[in-house]
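What follows is a short report on a single structure.
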Amino acid sequence: QVQPVESGGGSVQAGGSLRLSCAASGSAYNNRFVGWFRQAPGKEREGVAAVYTGSLRTYYVDSVKGRFTISQDKGKNSVYLRIDSLKPEDTALYYCAASFPTFEDSSLALDTDTYKHWGRGTQVAVSS
């Protein structure tokens with residue numbers, strides 16, 4: 001069973017960058033979706049980026065395209081989320097999650113129901 005563990009959050013000023021890391025303990029991230037989600041206070045959890053580890057194809061919600069970059073290091077069994085040009089509205093608890101091994105269906109990539117293994121989250125706070 002794969003267990004994602006996030007790190008890399010912090011407090012930054014608007015315009016700065018962060019790289020969040022998601023290391024997998026247990027099984028490797030093989031042929032599954034690994035995604036980043038965020039939840040701001042009083043809001044629903046939303047999927048922001050995902051990668052299918054079999055093809056390395058990436059998926060983004062429209063609101064973060066051009067600023068968020070998801071990548072994978074198979075050798076380290078880790079997935080990363082780089083966030084550039086941070087905005088105060090990016091402030092949230094960021095979660096990494098992994099699906100069960102599955103076929104690549106793009107409609108599943110950012111759907112929270114796709115994901116079965118969740119990390120505890122890492123906080124990102126952006127000040128203006």
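Ordered as shown in the structure tokens, chains take letters A, B, and onward, while each chain numbers its residues from 1 and ligands are numbered from 1 in the order shown.
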
| request: Excluding Tyr29 in chain A and residues on its chain fewer than 6 positions from it, collect all residues at most 12 Å away from it, counting only C-alpha atoms, and give them as a list in words. | output: Gln1, Val2, Gln3, Pro4, Cys22, Ala23, Gly35, Val51, Tyr52, Thr53, Gly54, Ser55, Leu56, Gln72, Asp73, Lys74, Gly75, Lys76, Asn77, Ser78, Val79, Ala97, Ala98, Ser99, Phe100, Pro101, Thr102 and His117 of chain A

Based on the selection just made, write N, CA and C atoms of those residues as a compact mmCIF listing (two decimals), in the first residue's frame.
# COMPACT_ATOMS: atom_id res chain seq x y z
N GLN A 1 0.86 -1.19 0.00
CA GLN A 1 0.00 0.00 0.00
C GLN A 1 0.88 1.23 0.00
N VAL A 2 0.54 2.20 -0.83
CA VAL A 2 1.33 3.43 -0.92
C VAL A 2 0.80 4.46 0.06
N GLN A 3 1.68 5.16 0.74
CA GLN A 3 1.30 6.22 1.66
C GLN A 3 2.05 7.49 1.29
N PRO A 4 1.35 8.49 0.77
CA PRO A 4 2.01 9.75 0.43
C PRO A 4 2.37 10.56 1.68
N CYS A 22 6.16 15.14 -2.49
CA CYS A 22 5.28 14.06 -2.06
C CYS A 22 6.04 12.75 -2.24
N ALA A 23 6.53 12.23 -1.14
CA ALA A 23 7.27 10.97 -1.17
C ALA A 23 6.33 9.83 -0.82
N GLY A 35 -1.88 12.99 -7.40
CA GLY A 35 -2.41 14.33 -7.57
C GLY A 35 -2.15 15.22 -6.38
N VAL A 51 -0.54 13.75 -12.14
CA VAL A 51 0.30 13.08 -13.13
C VAL A 51 -0.08 11.61 -13.15
N TYR A 52 -0.13 11.05 -14.36
CA TYR A 52 -0.31 9.61 -14.46
C TYR A 52 1.07 9.01 -14.56
N THR A 53 1.45 8.18 -13.60
CA THR A 53 2.84 7.76 -13.49
C THR A 53 3.28 6.82 -14.60
N GLY A 54 2.31 6.19 -15.29
CA GLY A 54 2.69 5.30 -16.38
C GLY A 54 3.17 6.07 -17.60
N SER A 55 2.47 7.15 -17.94
CA SER A 55 2.79 7.92 -19.14
C SER A 55 3.51 9.22 -18.85
N LEU A 56 3.49 9.66 -17.59
CA LEU A 56 4.01 10.97 -17.16
C LEU A 56 3.19 12.12 -17.73
N GLN A 72 7.57 14.21 -11.69
CA GLN A 72 7.79 12.96 -10.97
C GLN A 72 9.26 12.56 -11.07
N ASP A 73 9.79 12.05 -10.00
CA ASP A 73 11.12 11.45 -9.98
C ASP A 73 10.93 9.98 -9.60
N LYS A 74 10.94 9.11 -10.61
CA LYS A 74 10.68 7.70 -10.34
C LYS A 74 11.75 7.09 -9.45
N GLY A 75 12.98 7.55 -9.63
CA GLY A 75 14.07 7.00 -8.83
C GLY A 75 13.90 7.25 -7.35
N LYS A 76 13.29 8.40 -7.02
CA LYS A 76 13.06 8.75 -5.62
C LYS A 76 11.63 8.44 -5.20
N ASN A 77 10.84 7.86 -6.12
CA ASN A 77 9.44 7.56 -5.82
C ASN A 77 8.74 8.78 -5.24
N SER A 78 8.93 9.90 -5.89
CA SER A 78 8.40 11.16 -5.40
C SER A 78 7.74 11.94 -6.53
N VAL A 79 6.78 12.75 -6.14
CA VAL A 79 6.11 13.67 -7.05
C VAL A 79 6.21 15.06 -6.46
N ALA A 97 -2.11 12.90 -3.02
CA ALA A 97 -2.90 11.68 -2.95
C ALA A 97 -2.55 10.77 -4.12
N ALA A 98 -2.78 9.49 -3.93
CA ALA A 98 -2.50 8.50 -4.97
C ALA A 98 -3.72 7.62 -5.16
N SER A 99 -3.95 7.26 -6.40
CA SER A 99 -5.05 6.35 -6.70
C SER A 99 -4.57 4.92 -6.57
N PHE A 100 -5.48 3.97 -6.67
CA PHE A 100 -5.08 2.59 -6.89
C PHE A 100 -4.49 2.51 -8.30
N PRO A 101 -3.71 1.47 -8.60
CA PRO A 101 -3.28 1.29 -9.99
C PRO A 101 -4.51 1.23 -10.90
N THR A 102 -4.43 1.97 -12.01
CA THR A 102 -5.60 2.11 -12.85
C THR A 102 -5.17 2.43 -14.27
N HIS A 117 -5.42 7.02 -1.39
CA HIS A 117 -4.37 7.16 -0.38
C HIS A 117 -4.02 8.63 -0.27

| request: Would you return as a PyMOL selection string the members of chain A that DSSP assigns to strand (DSSP E) on this structure's backbone? | output: chain A and resi 2-7+10-13+18-26+33-39+46-52+57-60+68-73+78-83+92-99+115-118+122-127

| Nearest to Val61 in chain A by atom-to-atom distance, counting only C-alpha atoms, from A:Leu18, A:Leu108, A:Ala49, A:Cys96 |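 Using only C-alpha atoms, the shortest distance to Val61 in chain A belongs to A:Ala49.
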
| said: When you look at Ile70 in chain A with a cut-off of 10 Å (counting only C-alpha atoms), what residues show up, excluding the ones that are within fewer than 2 positions of it in the same chain? I need them as a list of chain:residue names. | reply: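 Residues meeting the cut-off are A:Arg19, A:Leu20, A:Ser21, A:Val34, A:Gly35, A:Trp36, A:Val48, A:Ala49, A:Ala50, A:Val51, A:Leu56, A:Arg57, A:Thr58, A:Tyr59, A:Tyr60, A:Phe68, A:Gln72, A:Val79, A:Tyr80, A:Leu81, A:Arg82, A:Ile83.
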
Once you have the residues from the selection above, write them out as a compact mmCIF listing (two decimals), in the first residue's frame, restricted to N, CA, C and O atoms.
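Here's the written file result_8.txt:
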# COMPACT_ATOMS: atom_id res chain seq x y z
N ARG A 19 8.29 24.71 -3.78
CA ARG A 19 8.21 23.37 -4.35
C ARG A 19 7.76 22.42 -3.26
O ARG A 19 8.45 22.25 -2.25
N LEU A 20 6.61 21.82 -3.48
CA LEU A 20 6.08 20.84 -2.55
C LEU A 20 6.53 19.46 -3.02
O LEU A 20 6.60 19.17 -4.21
N SER A 21 6.82 18.61 -2.04
CA SER A 21 7.26 17.26 -2.35
C SER A 21 6.28 16.24 -1.79
O SER A 21 5.68 16.46 -0.73
N VAL A 34 -1.19 10.33 -9.39
CA VAL A 34 -0.76 11.01 -8.16
C VAL A 34 -1.14 12.48 -8.35
O VAL A 34 -0.78 13.10 -9.35
N GLY A 35 -1.88 12.99 -7.40
CA GLY A 35 -2.41 14.33 -7.57
C GLY A 35 -2.15 15.22 -6.38
O GLY A 35 -1.89 14.77 -5.26
N TRP A 36 -2.22 16.51 -6.65
CA TRP A 36 -2.16 17.53 -5.60
C TRP A 36 -3.51 18.20 -5.51
O TRP A 36 -4.10 18.59 -6.53
N VAL A 48 -5.77 20.34 -8.14
CA VAL A 48 -5.08 21.37 -8.90
C VAL A 48 -4.13 20.80 -9.95
O VAL A 48 -3.91 21.42 -10.99
N ALA A 49 -3.55 19.64 -9.68
CA ALA A 49 -2.61 19.06 -10.65
C ALA A 49 -2.50 17.57 -10.39
O ALA A 49 -2.64 17.11 -9.26
N ALA A 50 -2.24 16.83 -11.47
CA ALA A 50 -2.07 15.39 -11.33
C ALA A 50 -1.14 14.89 -12.42
O ALA A 50 -0.99 15.51 -13.47
N VAL A 51 -0.54 13.75 -12.14
CA VAL A 51 0.30 13.08 -13.13
C VAL A 51 -0.08 11.61 -13.15
O VAL A 51 -0.37 11.01 -12.10
N LEU A 56 3.49 9.66 -17.59
CA LEU A 56 4.01 10.97 -17.16
C LEU A 56 3.19 12.12 -17.73
O LEU A 56 3.63 13.28 -17.68
N ARG A 57 2.00 11.84 -18.24
CA ARG A 57 1.13 12.90 -18.72
C ARG A 57 0.60 13.67 -17.52
O ARG A 57 0.26 13.09 -16.49
N THR A 58 0.52 15.00 -17.66
CA THR A 58 0.11 15.86 -16.55
C THR A 58 -1.23 16.51 -16.82
O THR A 58 -1.63 16.72 -17.97
N TYR A 59 -1.89 16.87 -15.75
CA TYR A 59 -3.23 17.47 -15.81
C TYR A 59 -3.28 18.62 -14.81
O TYR A 59 -2.74 18.53 -13.71
N TYR A 60 -3.95 19.71 -15.20
CA TYR A 60 -4.06 20.89 -14.35
C TYR A 60 -5.47 21.45 -14.42
O TYR A 60 -6.11 21.44 -15.47
N PHE A 68 1.59 26.42 -11.99
CA PHE A 68 1.85 25.18 -11.26
C PHE A 68 2.48 24.17 -12.21
O PHE A 68 2.04 24.04 -13.36
N GLN A 72 7.57 14.21 -11.69
CA GLN A 72 7.79 12.96 -10.97
C GLN A 72 9.26 12.56 -11.07
O GLN A 72 9.89 12.75 -12.11
N VAL A 79 6.78 12.75 -6.14
CA VAL A 79 6.11 13.67 -7.05
C VAL A 79 6.21 15.06 -6.46
O VAL A 79 6.11 15.22 -5.23
N TYR A 80 6.43 16.04 -7.32
CA TYR A 80 6.65 17.40 -6.85
C TYR A 80 5.60 18.34 -7.46
O TYR A 80 5.09 18.10 -8.56
N LEU A 81 5.34 19.42 -6.74
CA LEU A 81 4.50 20.49 -7.26
C LEU A 81 5.24 21.80 -7.07
O LEU A 81 5.44 22.24 -5.94
N ARG A 82 5.64 22.39 -8.17
CA ARG A 82 6.26 23.71 -8.10
C ARG A 82 5.18 24.75 -8.35
O ARG A 82 4.42 24.66 -9.32
N ILE A 83 5.16 25.75 -7.49
CA ILE A 83 4.18 26.83 -7.61
C ILE A 83 4.96 28.13 -7.78
O ILE A 83 5.73 28.52 -6.90

| field | Coordinates-based distance that separates CA of Asp90 in chain A from CA of Lys65 in chain A (Å, one decimal) | value |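 These two atoms are separated by 13.0 Å.
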
| task | Have a look at A:Gly10, A:Gly66, A:Gln123, A:Ala92 and name the one nearest to Lys43 in chain A; count only C-alpha atoms. | result | A:Ala92

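Counting only C-alpha atoms and comparing A:Ser17, A:Thr122, A:Ser11, A:Ala40, the residue that lies closest to Ser85 in chain A is A:Ser17.
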
| message | At a cut-off of 9 Å, using only C-alpha atoms, what residues contact Thr91 in chain A? Leave out same-chain residues fewer than 6 positions from it and give the result as a list in words. | response |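 Counting only C-alpha atoms, the residues come to Arg38, Gln39, Ala40, Gln123, Val124, Ala125, Val126 and Ser127 of chain A.
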
| request: Determine which residues of range 20-75 of chain A receive a DSSP assignment of helix (DSSP H, G or I), computed from the backbone, and state them as number ranges by chain. | output: A: 62-64, 74-75

Produce a file of the selected residues containing N, CA and C atoms, as a PDB file, in the first residue's frame.
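Result file follows (out_15.pdb):
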ATOM      1  N   ASP A  62      -7.761  24.636 -14.770  1.00  0.00           N
ATOM      2  CA  ASP A  62      -7.492  25.817 -15.593  1.00  0.00           C
ATOM      3  C   ASP A  62      -6.936  26.984 -14.785  1.00  0.00           C
ATOM      4  N   SER A  63      -7.383  27.137 -13.564  1.00  0.00           N
ATOM      5  CA  SER A  63      -7.019  28.318 -12.771  1.00  0.00           C
ATOM      6  C   SER A  63      -5.540  28.360 -12.393  1.00  0.00           C
ATOM      7  N   VAL A  64      -4.809  27.243 -12.533  1.00  0.00           N
ATOM      8  CA  VAL A  64      -3.405  27.239 -12.130  1.00  0.00           C
ATOM      9  C   VAL A  64      -2.455  27.006 -13.301  1.00  0.00           C
ATOM     10  N   LYS A  74      10.938   9.112 -10.615  1.00  0.00           N
ATOM     11  CA  LYS A  74      10.681   7.702 -10.336  1.00  0.00           C
ATOM     12  C   LYS A  74      11.749   7.093  -9.452  1.00  0.00           C
ATOM     13  N   GLY A  75      12.983   7.552  -9.628  1.00  0.00           N
ATOM     14  CA  GLY A  75      14.067   6.998  -8.831  1.00  0.00           C
ATOM     15  C   GLY A  75      13.895   7.255  -7.349  1.00  0.00           C
TER      16      GLY A  75
END

| said: With distances taken over only C-alpha atoms, which residue among A:Gly42, A:Phe103, A:Gly119, A:Phe33 lies nearest Ser71 in chain A? | reply: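 So, comparing all the options, the nearest one is A:Phe33.
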